[in-house]
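Chemist: Next comes the structure file upload.cif, holding mmCIF, C-alpha atoms.
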data_entry
loop_
_atom_site.label_atom_id
_atom_site.label_comp_id
_atom_site.auth_asym_id
_atom_site.auth_seq_id
_atom_site.Cartn_x
_atom_site.Cartn_y
_atom_site.Cartn_z
CA MET A 1 -15.42 12.75 7.69
CA SER A 2 -11.67 13.28 8.11
CA THR A 3 -8.91 11.42 6.31
CA LEU A 4 -6.68 8.90 8.02
CA ASN A 5 -3.04 9.34 8.92
CA PRO A 6 -1.27 8.50 5.61
CA GLU A 7 0.98 5.87 7.23
CA ILE A 8 -1.99 4.16 8.86
CA GLU A 9 -3.99 4.51 5.63
CA GLU A 10 -1.27 2.69 3.71
CA LEU A 11 -1.27 -0.16 6.21
CA PHE A 12 -5.08 -0.36 6.02
CA GLU A 13 -4.92 -0.72 2.25
CA GLU A 14 -2.28 -3.45 2.48
CA GLN A 15 -3.92 -5.37 5.31
CA GLY A 16 -6.56 -7.25 3.31
CA ALA A 17 -4.04 -8.40 0.70
CA ARG A 18 -1.65 -9.58 3.43
CA GLU A 19 -4.33 -11.67 5.15
CA ALA A 20 -5.52 -13.43 1.99
CA SER A 21 -2.07 -14.26 0.61
CA ALA A 22 0.54 -16.75 1.74
CA PRO A 23 2.97 -15.14 4.17
CA PRO A 24 6.45 -14.49 2.75
CA LEU A 25 9.37 -16.42 4.21
CA ARG A 26 10.36 -13.45 6.34
CA THR A 27 6.91 -13.23 7.90
CA LEU A 28 6.77 -16.97 8.38
CA GLY A 29 10.14 -16.90 10.10
CA VAL A 30 9.07 -14.12 12.45
CA GLU A 31 5.81 -15.87 13.36
CA VAL A 32 7.45 -19.27 13.87
CA THR A 33 10.06 -17.68 16.13
CA ALA A 34 7.36 -15.91 18.15
CA GLY A 35 5.31 -19.12 18.37
CA VAL A 36 8.27 -21.24 19.50
CA GLY A 37 9.13 -18.60 22.06
CA LEU A 38 5.57 -18.75 23.41
CA VAL A 39 5.73 -22.55 23.71
CA LEU A 40 9.00 -22.27 25.62
CA ALA A 41 7.49 -19.66 27.92
CA VAL A 42 4.54 -21.97 28.66
CA LEU A 43 6.87 -24.88 29.41
CA ALA A 44 8.94 -22.69 31.70
CA MET A 45 5.82 -21.62 33.62
CA THR A 46 4.74 -25.23 34.12
CA THR A 47 8.03 -25.65 36.00
CA LEU A 48 7.74 -22.38 37.90
CA PHE A 49 4.10 -22.86 38.88
CA PRO A 50 3.35 -26.62 39.10
CA GLY A 51 -0.12 -27.78 40.04
CA GLY A 52 -3.15 -25.53 40.21
CA ALA A 53 -6.86 -26.08 39.79
CA PHE A 54 -8.90 -26.12 36.59
CA ALA A 55 -12.46 -24.89 36.35
CA PRO A 56 -15.00 -27.47 35.10
CA PRO A 57 -14.43 -28.34 31.43
CA VAL A 58 -17.73 -26.77 30.40
CA VAL A 59 -16.61 -23.46 31.94
CA VAL A 60 -13.18 -23.61 30.33
CA GLY A 61 -14.71 -24.48 26.97
CA GLY A 62 -17.32 -21.78 27.36
CA LEU A 63 -14.60 -19.19 28.04
CA VAL A 64 -12.70 -20.25 24.91
CA VAL A 65 -15.84 -19.88 22.80
CA ALA A 66 -16.68 -16.55 24.47
CA TYR A 67 -13.14 -15.32 23.79
CA ALA A 68 -13.47 -16.29 20.13
CA LEU A 69 -16.82 -14.49 19.88
CA ALA A 70 -15.33 -11.40 21.52
CA ALA A 71 -12.39 -11.51 19.10
CA LEU A 72 -14.84 -11.52 16.19
CA VAL A 73 -15.93 -8.05 17.30
CA ARG A 74 -13.03 -6.41 15.52
CA PHE A 75 -12.01 -2.76 15.44
CA ASP A 76 -9.41 -2.62 12.64
CA ILE A 77 -6.41 -0.33 12.57
CA GLY A 78 -3.51 -0.25 10.13
CA LEU A 79 -1.23 -2.39 12.27
CA GLY A 80 -3.80 -4.89 13.46
CA PHE A 81 -7.00 -4.66 15.46
CA THR A 82 -8.48 -4.58 18.91
CA SER A 83 -11.44 -6.50 20.28
CA PRO A 84 -13.32 -6.42 23.60
CA VAL A 85 -11.63 -9.71 24.60
CA GLN A 86 -10.56 -8.20 27.92
CA LEU A 87 -14.10 -8.83 29.16
CA VAL A 88 -13.47 -12.57 28.79
CA PHE A 89 -9.71 -12.61 29.25
CA VAL A 90 -9.84 -11.47 32.89
CA PRO A 91 -12.21 -14.30 33.95
CA MET A 92 -9.79 -16.68 32.18
CA TRP A 93 -7.09 -15.66 34.68
CA PHE A 94 -8.83 -17.72 37.34
CA ALA A 95 -10.15 -20.62 35.24
CA VAL A 96 -6.85 -22.47 34.72
CA PRO A 97 -3.39 -22.63 36.30
CA PRO A 98 -1.19 -19.70 35.19
CA ALA A 99 0.93 -21.78 32.79
CA PHE A 100 -2.17 -22.74 30.77
CA LEU A 101 -3.55 -19.23 30.39
CA PRO A 102 -1.65 -18.56 27.09
CA VAL A 103 -2.86 -21.96 25.81
CA LEU A 104 -6.46 -21.02 26.50
CA VAL A 105 -6.04 -17.67 24.73
CA ALA A 106 -4.31 -19.28 21.73
CA ALA A 107 -7.20 -21.74 21.42
CA GLY A 108 -9.70 -18.87 21.43
CA LEU A 109 -7.72 -16.97 18.78
CA VAL A 110 -7.49 -19.98 16.46
CA LEU A 111 -11.21 -20.65 16.92
CA GLU A 112 -11.96 -17.05 16.02
CA GLN A 113 -9.95 -17.43 12.81
CA LEU A 114 -11.83 -20.59 11.88
CA ILE A 115 -15.20 -18.97 12.55
CA THR A 116 -14.17 -15.99 10.44
CA ILE A 117 -13.23 -18.21 7.51
CA ALA A 118 -16.45 -20.20 7.77
CA MET A 119 -18.97 -17.41 8.34
CA THR A 120 -17.59 -14.14 6.93
CA LYS A 121 -16.08 -12.80 3.74
CA ARG A 122 -12.77 -12.05 5.40
CA ALA A 123 -10.32 -14.36 3.62
CA ARG A 124 -7.44 -15.99 5.52
CA HIS A 125 -4.53 -18.02 4.24
CA PRO A 126 -4.16 -21.21 6.36
CA LEU A 127 -0.65 -20.26 7.47
CA ARG A 128 -1.94 -16.91 8.68
CA VAL A 129 -4.48 -18.73 10.84
CA LEU A 130 -1.58 -20.29 12.72
CA SER A 131 0.04 -16.86 13.08
CA SER A 132 -2.71 -16.02 15.55
CA VAL A 133 -1.05 -18.34 18.08
CA PRO A 134 1.83 -15.91 18.83
CA ASP A 135 -0.82 -13.23 19.46
CA ALA A 136 -1.38 -15.03 22.77
CA TRP A 137 1.91 -13.61 24.10
CA HIS A 138 -0.02 -10.94 26.01
CA ALA A 139 -1.35 -13.70 28.31
CA VAL A 140 2.16 -14.43 29.57
CA GLY A 141 2.23 -11.18 31.57
CA PRO A 142 -0.80 -11.85 33.80
CA ALA A 143 0.20 -15.53 34.09
CA LEU A 144 3.59 -14.60 35.51
CA VAL A 145 2.21 -12.02 37.95
CA LEU A 146 -0.60 -14.26 39.21
CA GLY A 147 1.75 -17.23 39.41
CA PHE A 148 4.37 -15.45 41.50
CA ALA A 149 1.70 -13.77 43.67
CA GLY A 150 -0.10 -17.07 44.23
CA VAL A 151 -3.50 -15.48 43.59
CA THR A 152 -6.10 -17.96 42.32
CA GLU A 153 -9.44 -16.28 43.13
CA PRO A 154 -10.85 -12.90 42.01
CA SER A 155 -11.25 -10.41 44.83
CA PHE A 156 -11.16 -6.63 45.03
CA ALA A 157 -8.83 -7.00 47.99
CA ASP A 158 -6.11 -8.15 45.58
CA TRP A 159 -6.50 -5.19 43.23
CA PRO A 160 -2.77 -4.28 43.34
CA VAL A 161 -1.95 -7.75 42.00
CA PHE A 162 -4.54 -7.41 39.25
CA ALA A 163 -3.24 -3.94 38.35
CA ALA A 164 0.27 -5.39 38.09
CA ALA A 165 -1.07 -8.25 35.94
CA LEU A 166 -2.73 -5.74 33.61
CA GLY A 167 0.47 -3.71 33.41
CA ALA A 168 2.45 -6.85 32.58
CA GLN A 169 -0.08 -7.72 29.88
CA VAL A 170 0.31 -4.34 28.19
CA THR A 171 4.10 -4.34 28.50
CA ILE A 172 4.66 -7.80 27.07
CA ASP A 173 2.06 -7.34 24.35
CA PHE A 174 3.58 -4.04 23.20
CA ALA A 175 7.12 -5.43 23.31
CA THR A 176 6.35 -8.60 21.35
CA LEU A 177 4.13 -6.91 18.76
CA THR A 178 6.68 -4.15 18.25
CA LEU A 179 9.45 -6.68 17.68
CA ARG A 180 7.30 -8.70 15.28
CA GLY A 181 6.18 -5.62 13.36
CA TRP A 182 9.72 -4.30 13.10
CA ALA A 183 11.21 -7.65 12.05
CA ASP A 184 8.43 -8.42 9.56
CA LEU A 185 7.22 -5.14 8.07
CA GLY A 186 9.86 -2.67 9.23
CA ILE A 187 7.29 -0.79 11.32
CA THR A 188 9.08 1.61 13.64
CA PRO A 189 8.27 1.53 17.37
CA ASP A 190 7.02 5.12 17.34
CA LEU A 191 4.51 4.39 14.57
CA HIS A 192 3.46 1.22 16.37
CA LEU A 193 2.88 3.21 19.56
CA ARG A 194 0.86 5.91 17.79
CA ALA A 195 -1.25 3.32 16.02
CA THR A 196 -1.92 0.99 18.95
CA ALA A 197 -1.84 3.12 22.10
CA TRP A 198 -5.61 3.39 22.12
CA ILE A 199 -5.88 -0.42 22.04
CA TYR A 200 -4.29 -0.59 25.46
CA ALA A 201 -6.58 2.18 26.70
CA VAL A 202 -9.53 -0.01 25.67
CA ASP A 203 -8.06 -3.01 27.50
CA VAL A 204 -7.50 -0.98 30.66
CA ALA A 205 -11.05 0.41 30.51
CA LEU A 206 -12.63 -3.03 30.07
CA ALA A 207 -10.50 -4.86 32.66
CA PRO A 208 -12.62 -3.80 35.70
CA VAL A 209 -15.75 -5.09 33.95
CA GLY A 210 -13.95 -8.35 33.27
CA LEU A 211 -13.01 -8.57 36.94
CA LEU A 212 -16.66 -8.08 37.93
CA ALA A 213 -17.58 -10.93 35.57
CA ALA A 214 -14.88 -13.13 37.13
CA ILE A 215 -16.20 -12.44 40.64
CA ALA A 216 -19.76 -13.20 39.50
CA MET A 217 -18.58 -16.47 37.95
CA THR A 218 -17.25 -17.68 41.30
CA GLN A 219 -20.91 -17.78 42.41
CA THR A 220 -22.55 -18.70 39.10
CA PRO A 221 -20.32 -19.89 36.25
CA VAL A 222 -22.97 -19.09 33.65
CA ALA A 223 -22.69 -15.41 34.62
CA VAL A 224 -20.33 -15.02 31.65
CA VAL A 225 -23.45 -15.17 29.47
CA CYS A 226 -24.36 -11.72 30.79
CA LEU A 227 -21.46 -10.34 28.76
CA LEU A 228 -23.03 -11.34 25.45
CA PRO A 229 -25.37 -8.31 25.13
CA LEU A 230 -22.40 -6.02 25.72
CA LEU A 231 -20.40 -7.87 23.07
CA GLY A 232 -23.35 -7.46 20.69
CA LEU A 233 -23.33 -3.71 21.32
CA PHE A 234 -19.61 -3.60 20.57
CA ALA A 235 -20.30 -5.51 17.36
CA VAL A 236 -22.67 -2.74 16.21
CA PHE A 237 -20.02 -0.11 17.00
CA ALA A 238 -17.40 -2.13 15.10
CA ARG A 239 -19.54 -2.31 11.97
CA GLU A 240 -20.17 1.44 12.11
CA ARG A 241 -16.44 2.11 12.50
CA ASP A 242 -15.60 -0.15 9.57
CA GLU A 243 -17.99 1.88 7.44
CA ARG A 244 -16.40 5.17 8.55
CA ILE A 245 -12.94 3.82 7.73
CA ARG A 246 -14.12 2.68 4.31
CA GLN A 247 -15.54 6.13 3.64
CA ALA A 248 -12.33 7.80 4.85
CA LEU A 249 -10.25 5.67 2.48
CA GLN A 250 -12.57 6.51 -0.41
CA LEU A 251 -12.39 10.21 0.47
CA SER A 252 -8.60 10.14 0.62
CA SER A 253 -8.50 8.41 -2.76
CA ALA A 254 -10.83 11.07 -4.14
CA TYR A 255 -8.56 13.86 -2.89
CA ARG A 256 -5.51 12.26 -4.51
CA GLY A 257 -7.43 11.63 -7.72
CA THR A 258 -8.62 15.24 -7.79
CA ALA A 259 -5.07 16.51 -7.26
CA ILE A 260 -3.74 14.33 -10.07
CA LEU A 261 -6.60 15.37 -12.35
CA LEU A 262 -5.92 19.05 -11.73
CA GLY A 263 -2.23 18.40 -12.38
CA ASP A 264 -3.15 16.77 -15.68
CA VAL A 265 -5.30 19.76 -16.58
CA LEU A 266 -2.37 22.08 -15.86
CA GLU A 267 -0.05 19.91 -17.96
CA ALA A 268 -2.50 19.89 -20.84
CA ASP A 269 -2.69 23.67 -20.66
CA ASP A 270 1.11 24.12 -20.52
CA GLN A 271 3.02 20.87 -20.92
CA TYR A 272 6.37 22.28 -19.80
CA THR A 273 5.14 24.06 -16.68
CA GLY A 274 2.51 21.49 -15.75
CA GLY A 275 4.47 18.39 -16.67
CA GLU A 276 8.24 18.35 -16.31
CA HIS A 277 8.25 21.33 -13.97
CA THR A 278 5.54 20.09 -11.61
CA GLN A 279 6.69 16.49 -11.40
CA GLY A 280 10.27 17.58 -10.80
CA VAL A 281 9.30 19.89 -7.94
CA VAL A 282 7.20 17.10 -6.43
CA SER A 283 10.12 14.67 -6.52
CA LEU A 284 12.76 17.06 -5.20
CA GLY A 285 10.41 18.59 -2.63
CA LEU A 286 9.48 15.23 -1.13
CA ARG A 287 13.15 14.28 -0.80
CA VAL A 288 13.84 17.56 0.99
CA GLY A 289 10.78 17.04 3.19
CA ARG A 290 12.00 13.61 4.24
CA GLU A 291 15.45 15.04 4.90
CA LEU A 292 13.83 17.56 7.25
CA GLY A 293 11.85 14.85 9.03
CA LEU A 294 8.39 16.01 8.06
CA SER A 295 5.50 13.89 9.27
CA ALA A 296 3.48 11.68 6.97
CA GLN A 297 0.67 14.25 6.95
CA GLN A 298 3.08 17.06 6.08
CA LEU A 299 4.63 14.98 3.30
CA ARG A 300 1.22 14.33 1.79
CA ASP A 301 0.37 18.04 1.94
CA LEU A 302 3.78 18.81 0.43
CA GLU A 303 3.15 16.34 -2.38
CA PHE A 304 -0.25 17.84 -3.19
CA GLY A 305 1.09 21.39 -2.81
CA SER A 306 4.03 20.70 -5.12
CA LEU A 307 1.73 19.09 -7.66
CA LEU A 308 -0.72 22.00 -7.60
CA HIS A 309 1.43 25.03 -6.73
CA ASP A 310 0.95 26.52 -10.22
CA ILE A 311 -2.70 25.53 -10.63
CA GLY A 312 -3.72 29.20 -10.42
CA LYS A 313 -2.01 29.82 -13.74
CA LEU A 314 -4.98 28.21 -15.44
CA ARG A 315 -6.56 31.65 -15.03
CA VAL A 316 -3.65 33.32 -16.86
CA SER A 317 -3.58 33.27 -20.65
CA ASN A 318 -0.84 31.24 -22.35
CA GLU A 319 0.14 34.35 -24.29
CA ILE A 320 1.30 35.93 -21.04
CA ILE A 321 2.85 32.80 -19.54
CA ASN A 322 4.82 31.99 -22.69
CA LYS A 323 5.62 35.58 -23.70
CA PRO A 324 9.25 35.60 -24.90
CA GLY A 325 9.88 39.26 -24.08
CA LYS A 326 9.61 41.40 -20.97
CA LEU A 327 6.26 41.42 -19.19
CA SER A 328 4.36 44.65 -18.62
CA GLU A 329 3.33 45.76 -15.14
CA ALA A 330 -0.24 44.67 -15.81
CA GLU A 331 0.95 41.27 -17.01
CA TRP A 332 3.14 40.88 -13.94
CA ALA A 333 0.14 41.68 -11.76
CA LEU A 334 -1.80 38.85 -13.38
CA ILE A 335 1.09 36.42 -12.93
CA ARG A 336 1.51 37.39 -9.27
CA ARG A 337 -2.16 36.53 -8.65
CA HIS A 338 -1.68 32.83 -9.37
CA PRO A 339 -1.01 31.80 -5.72
CA VAL A 340 -4.27 33.45 -4.62
CA ASP A 341 -6.15 32.04 -7.59
CA GLY A 342 -4.76 28.59 -6.83
CA GLN A 343 -5.91 28.76 -3.24
CA GLU A 344 -9.38 29.87 -4.29
CA MET A 345 -9.66 26.96 -6.75
CA LEU A 346 -8.59 24.40 -4.12
CA ALA A 347 -10.88 25.93 -1.49
CA ARG A 348 -13.79 25.14 -3.79
CA VAL A 349 -12.76 21.48 -3.76
CA GLY A 350 -12.62 21.61 0.04
CA GLY A 351 -11.49 18.96 2.51
CA ALA A 352 -7.81 18.05 2.47
CA LEU A 353 -7.19 20.20 -0.61
CA GLU A 354 -8.46 23.28 1.19
CA GLN A 355 -5.51 22.95 3.59
CA VAL A 356 -3.20 22.42 0.61
CA GLY A 357 -4.52 25.71 -0.75
CA GLU A 358 -2.83 27.53 2.14
CA ILE A 359 0.48 26.00 1.04
CA VAL A 360 -0.12 26.98 -2.59
CA ARG A 361 -0.96 30.55 -1.57
CA ALA A 362 2.33 30.95 0.31
CA HIS A 363 4.80 29.34 -2.08
CA HIS A 364 6.10 32.75 -3.31
CA GLU A 365 6.51 34.26 0.16
CA ARG A 366 10.02 35.14 1.40
CA VAL A 367 11.33 34.56 4.92
CA ASP A 368 12.29 38.27 5.14
CA GLY A 369 8.69 39.30 4.42
CA GLY A 370 9.36 40.60 0.91
CA GLY A 371 7.33 37.93 -0.94
CA TYR A 372 3.77 37.84 -2.15
CA PRO A 373 0.78 37.81 -1.83
CA ASP A 374 0.65 38.40 1.94
CA GLY A 375 4.18 39.43 2.95
CA LEU A 376 4.51 36.59 5.45
CA LYS A 377 7.78 36.20 7.38
CA GLY A 378 9.78 33.26 8.72
CA ASP A 379 7.69 30.67 10.50
CA GLU A 380 4.49 32.39 9.39
CA ILE A 381 5.11 30.66 6.06
CA PRO A 382 4.13 26.96 6.08
CA MET A 383 7.19 24.71 5.96
CA GLU A 384 5.78 22.98 2.89
CA SER A 385 5.62 26.35 1.09
CA ARG A 386 9.21 27.18 2.05
CA ILE A 387 10.33 23.85 0.58
CA ILE A 388 8.44 24.42 -2.68
CA CYS A 389 9.90 27.93 -2.96
CA ALA A 390 13.52 26.72 -2.65
CA CYS A 391 13.06 23.72 -4.96
CA ASP A 392 11.35 25.91 -7.53
CA ALA A 393 14.25 28.38 -7.48
CA TYR A 394 16.89 25.67 -7.76
CA SER A 395 15.06 24.27 -10.76
CA ALA A 396 15.04 27.66 -12.44
CA MET A 397 18.74 28.19 -11.95
CA THR A 398 19.81 24.78 -13.24
CA THR A 399 17.66 24.83 -16.38
CA ASN A 400 18.49 26.20 -19.81
CA ARG A 401 16.28 29.20 -20.55
CA SER A 402 15.71 31.08 -23.76
CA TYR A 403 17.61 34.07 -22.38
CA ARG A 404 20.48 32.26 -20.53
CA PRO A 405 22.12 28.84 -20.19
CA ALA A 406 21.66 26.57 -17.16
CA MET A 407 23.73 27.50 -14.13
CA PRO A 408 26.21 24.86 -12.86
CA ARG A 409 25.18 23.07 -9.70
CA VAL A 410 27.96 24.68 -7.64
CA GLU A 411 26.87 28.17 -8.62
CA ALA A 412 23.19 27.39 -8.00
CA ILE A 413 24.00 26.12 -4.52
CA ALA A 414 26.08 29.23 -3.84
CA GLU A 415 23.15 31.40 -4.94
CA LEU A 416 20.72 29.51 -2.69
CA ARG A 417 23.04 30.00 0.27
CA ARG A 418 23.56 33.67 -0.57
CA CYS A 419 19.79 34.22 -0.44
CA ALA A 420 19.25 32.00 2.63
CA GLY A 421 17.73 33.98 5.46
CA GLU A 422 16.28 36.51 3.04
CA GLN A 423 14.37 34.75 0.29
CA PHE A 424 14.79 31.17 1.46
CA ASP A 425 14.61 29.34 4.78
CA VAL A 426 18.16 28.50 5.95
CA GLN A 427 17.17 25.05 7.19
CA VAL A 428 15.42 24.22 3.92
CA VAL A 429 18.39 25.38 1.84
CA GLU A 430 20.84 23.21 3.74
CA ALA A 431 18.53 20.19 3.45
CA LEU A 432 18.14 20.80 -0.28
CA VAL A 433 21.91 21.07 -0.68
CA ARG A 434 22.39 17.75 1.10
CA VAL A 435 19.81 16.08 -1.13
CA VAL A 436 21.30 17.53 -4.30
CA ASN A 437 24.85 16.60 -3.33
CA GLU A 438 23.77 13.01 -2.77
CA THR A 439 22.44 12.79 -6.33
CA PRO A 440 24.55 12.42 -9.51
CA GLU A 441 24.35 15.72 -11.36
CA ALA A 442 22.72 14.19 -14.43
CA ALA A 443 19.94 12.79 -12.23
CA VAL A 444 19.01 16.09 -10.56
CA PRO A 445 15.75 17.41 -12.04
CA HIS A 446 16.52 20.39 -14.31
CA LEU A 447 13.33 22.35 -14.26
CA ARG A 448 12.24 25.71 -15.47
CA LEU A 449 10.93 28.09 -12.81
CA ALA A 450 7.50 29.37 -13.66
CA VAL A 451 7.19 32.72 -11.88
#
Could I get this structure in the form of structure tokens?
Modeler:
Amino acid sequence: MSTLNPEIEELFEEQGAREASAPPLRTLGVEVTAGVGLVLAVLAMTTLFPGGAFAPPVVVGGLVVAYALAALVRFDIGLGFTSPVQLVFVPMWFAVPPAFLPVLVAAGLVLEQLITIAMTKRARHPLRVLSSVPDAWHAVGPALVLGFAGVTEPSFADWPVFAAALGAQVTIDFATLTLRGWADLGITPDLHLRATAWIYAVDVALAPVGLLAAIAMTQTPVAVVCLLPLLGLFAVFARERDERIRQALQLSSAYRGTAILLGDVLEADDQYTGGEHTQGVVSLGLRVGRELGLSAQQLRDLEFGSLLHDIGKLRVSNEIINKPGKLSEAEWALIRRHPVDGQEMLARVGGALEQVGEIVRAHHERVDGGGYPDGLKGDEIPMESRIICACDAYSAMTTNRSYRPAMPRVEAIAELRRCAGEQFDVQVVEALVRVVNETPEAAVPHLRLAV
């Protein structure tokens, strides 16, 4: 069982609370704007494509119910969800005039919300039920393509039109959801694409099956019933996926809890090294990581690595760590083992912390190859380790020690730059300098370097 992308994990954790609570004014404004825009689009299409034939009411109603049932089969992701609605959506293309296709979809979405409230434990605030109406924007794409092409019957001969309709569906859906996510939650388009790209792959894969169902319905309208066993199979898969996601969230929480617990153990063993020192390196390191544009996964590994980079010192006696005088060669040898010891301890935990152990092992390496324990050079050293190394050194220089006073910020920066390319990564040093210079001097963490 692997952990989720941290950004997606955060959205997963927030999703349930968002659905059960009243939407904030910002969300309400975004959804009302999207809903009004959809109504205007429908009105415009009634002018562009007047007339058109409706399927018998029982067929139209049956498609709405089938769409709602398909929408109940929900594969959650952090930004929303996907459902096998494409199986029913494609037959809808030919059941009503193009202008009414979004209306049919909106009705199915609202019905799905009502069924969910009545029959499941998934809570919904009433205003969020209405927010499902703008989710029907994806129907505008096929409606426009079919309306302009004048296609009213399903046929493989018109496959280029149907391919264009599917492309329009994906384009409009991605554009509208991206705008809504950005305006409401500040979700960037790149994160939205990474989180939802597979949704569109599912829609594309199911569209041919939906077209087969539409063709069968021209002969026998009740043929849509044949889709129900397939929807039931998808429902089983959805439940299994929900369980895997729940387990992944629990596992991620366990990793974070273990990291914090180990940090607390280190602090209890040596309050200065494990407390002020560790938390300061975490804070400064994460700011440098963001400055360098590290991914969410890298930032989480950096956070854990910063928190646990000295965990190996639990195997070193406090008499050696806190010795006021010069260390002997044997004592230095024990101190220099702490990166290896830290990695071994985290490897026993396993999972995500095993990868963090690689970062801990390398946090005393130098880019010129003169560090320890493995003599790694340059890019052989994980970026997270290079960041911890530089932040650790800056902390040492700007902290009062028993044998010397704290170095002024200007001198510490000059020393970092002097050693850049030898001990420290040049890119990391410049990012650290930018971060430090943006912070009032009194607010910069003054930390003691533990060797």
Chemist: Please evaluate the PyMOL selection byres ((chain A and resi 92) around 9) against the structure above and give the resulting residues as a list of chain:residue names.
Modeler: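 What the PyMOL selection byres ((chain A and resi 92) around 9) grabs from the file is A:Val60, A:Leu63, A:Val64, A:Val88, A:Phe89, A:Val90, A:Pro91, A:Trp93, A:Phe94, A:Ala95, A:Val96, A:Leu101, A:Leu104, A:Val105, A:Ala214.
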Chemist: To test your reading of the syntax: which residues would the PyMOL selection byres ((chain A and resi 345) around 12) return for the file shown? Reply as a ChimeraX atom specification.
Modeler: /A:258-259,262,308-315,338-344,346-350,353-358,360-361
Chemist: Counting all atoms listed in the file, which residue out of A:Val161, A:Ala235, A:Ile172, A:Val224 sits closest to A:Gly62?
Modeler: A:Val224
Chemist: Name the residues that the PyMOL selection byres ((chain A and resi 183) around 12) pulls out of this structure, and write them as an NGL selection string.
Modeler: :A and (25-31 or 33-34 or 176-182 or 184-189)
Chemist: For atom CA of A:Gly285 and atom CA of A:Glu303, determine how far apart the two atoms are, in Å to one decimal place.
Modeler: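 Separation between atom CA of A:Gly285 and atom CA of A:Glu303: 7.6 Å.
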Chemist: What lies within 12 Å of A:Pro160 using all atoms listed in the file, ignoring chain neighbours under 6 positions off, as a list in words?
Modeler: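 Counting only the stated atoms, we get Val145, Leu146, Ala149, Val151, Pro154, Leu166 and Gly167 of chain A.
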Chemist: May I ask for the distance between atom CA of A:Ala205 and atom CA of A:Glu112, given in Å to one decimal place?
Modeler: 22.7 Å
Chemist: What's the 9 Å shell around A:Ala168, counting only C-alpha atoms, without same-chain residues fewer than 5 positions away, as a list in words?
Modeler: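 The residues satisfying every condition are His138, Ala139, Val140, Gly141, Pro142, Leu144, Val145, Ala163 and Asp173 of chain A.
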Chemist: Could you give me, as a PDB file with C-alpha atoms, keeping the file's coordinate frame, the residues within 7 Å of stretch 37-47 of chain A, counting all atoms listed in the file and dropping anything in the same chain fewer than 4 positions from it?
Modeler:
ATOM      1  CA  THR A  33      10.060 -17.680  16.130  1.00  0.00           C
ATOM      2  CA  ALA A  99       0.930 -21.780  32.790  1.00  0.00           C
ATOM      3  CA  PRO A 134       1.830 -15.910  18.830  1.00  0.00           C
ATOM      4  CA  TRP A 137       1.910 -13.610  24.100  1.00  0.00           C
TER       5      TRP A 137
END
Chemist: Using all atoms listed in the file, determine which residues lie at most 10 Å from A:Arg290, disregarding the query and same-chain residues fewer than 5 positions distant; provide the list as a list in words.
Modeler: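 Residues meeting the cut-off are Gly285, Ser295, Ala296, Gln298, Leu299, Ala431 and Val435 of chain A.
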Chemist: Any chance you can output those residues with C-alpha atoms as a PDB file, in the coordinates of the input?
Modeler:
ATOM      1  CA  GLY A 285      10.410  18.590  -2.630  1.00  0.00           C
ATOM      2  CA  SER A 295       5.500  13.890   9.270  1.00  0.00           C
ATOM      3  CA  ALA A 296       3.480  11.680   6.970  1.00  0.00           C
ATOM      4  CA  GLN A 298       3.080  17.060   6.080  1.00  0.00           C
ATOM      5  CA  LEU A 299       4.630  14.980   3.300  1.00  0.00           C
ATOM      6  CA  ALA A 431      18.530  20.190   3.450  1.00  0.00           C
ATOM      7  CA  VAL A 435      19.810  16.080  -1.130  1.00  0.00           C
TER       8      VAL A 435
END
Chemist: Using atom CA of A:Pro382 and atom CA of A:Arg287 as the two end points, give the distance in Å to one decimal.
Modeler: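 A separation of 17.0 Å between them.
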Chemist: When distances are computed from only C-alpha atoms, which of A:Pro84, A:Pro98, A:Gly210, A:Gly280 shows the smallest separation from A:Phe234?
Modeler: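 For A:Phe234, the nearest of the given residues is A:Pro84.
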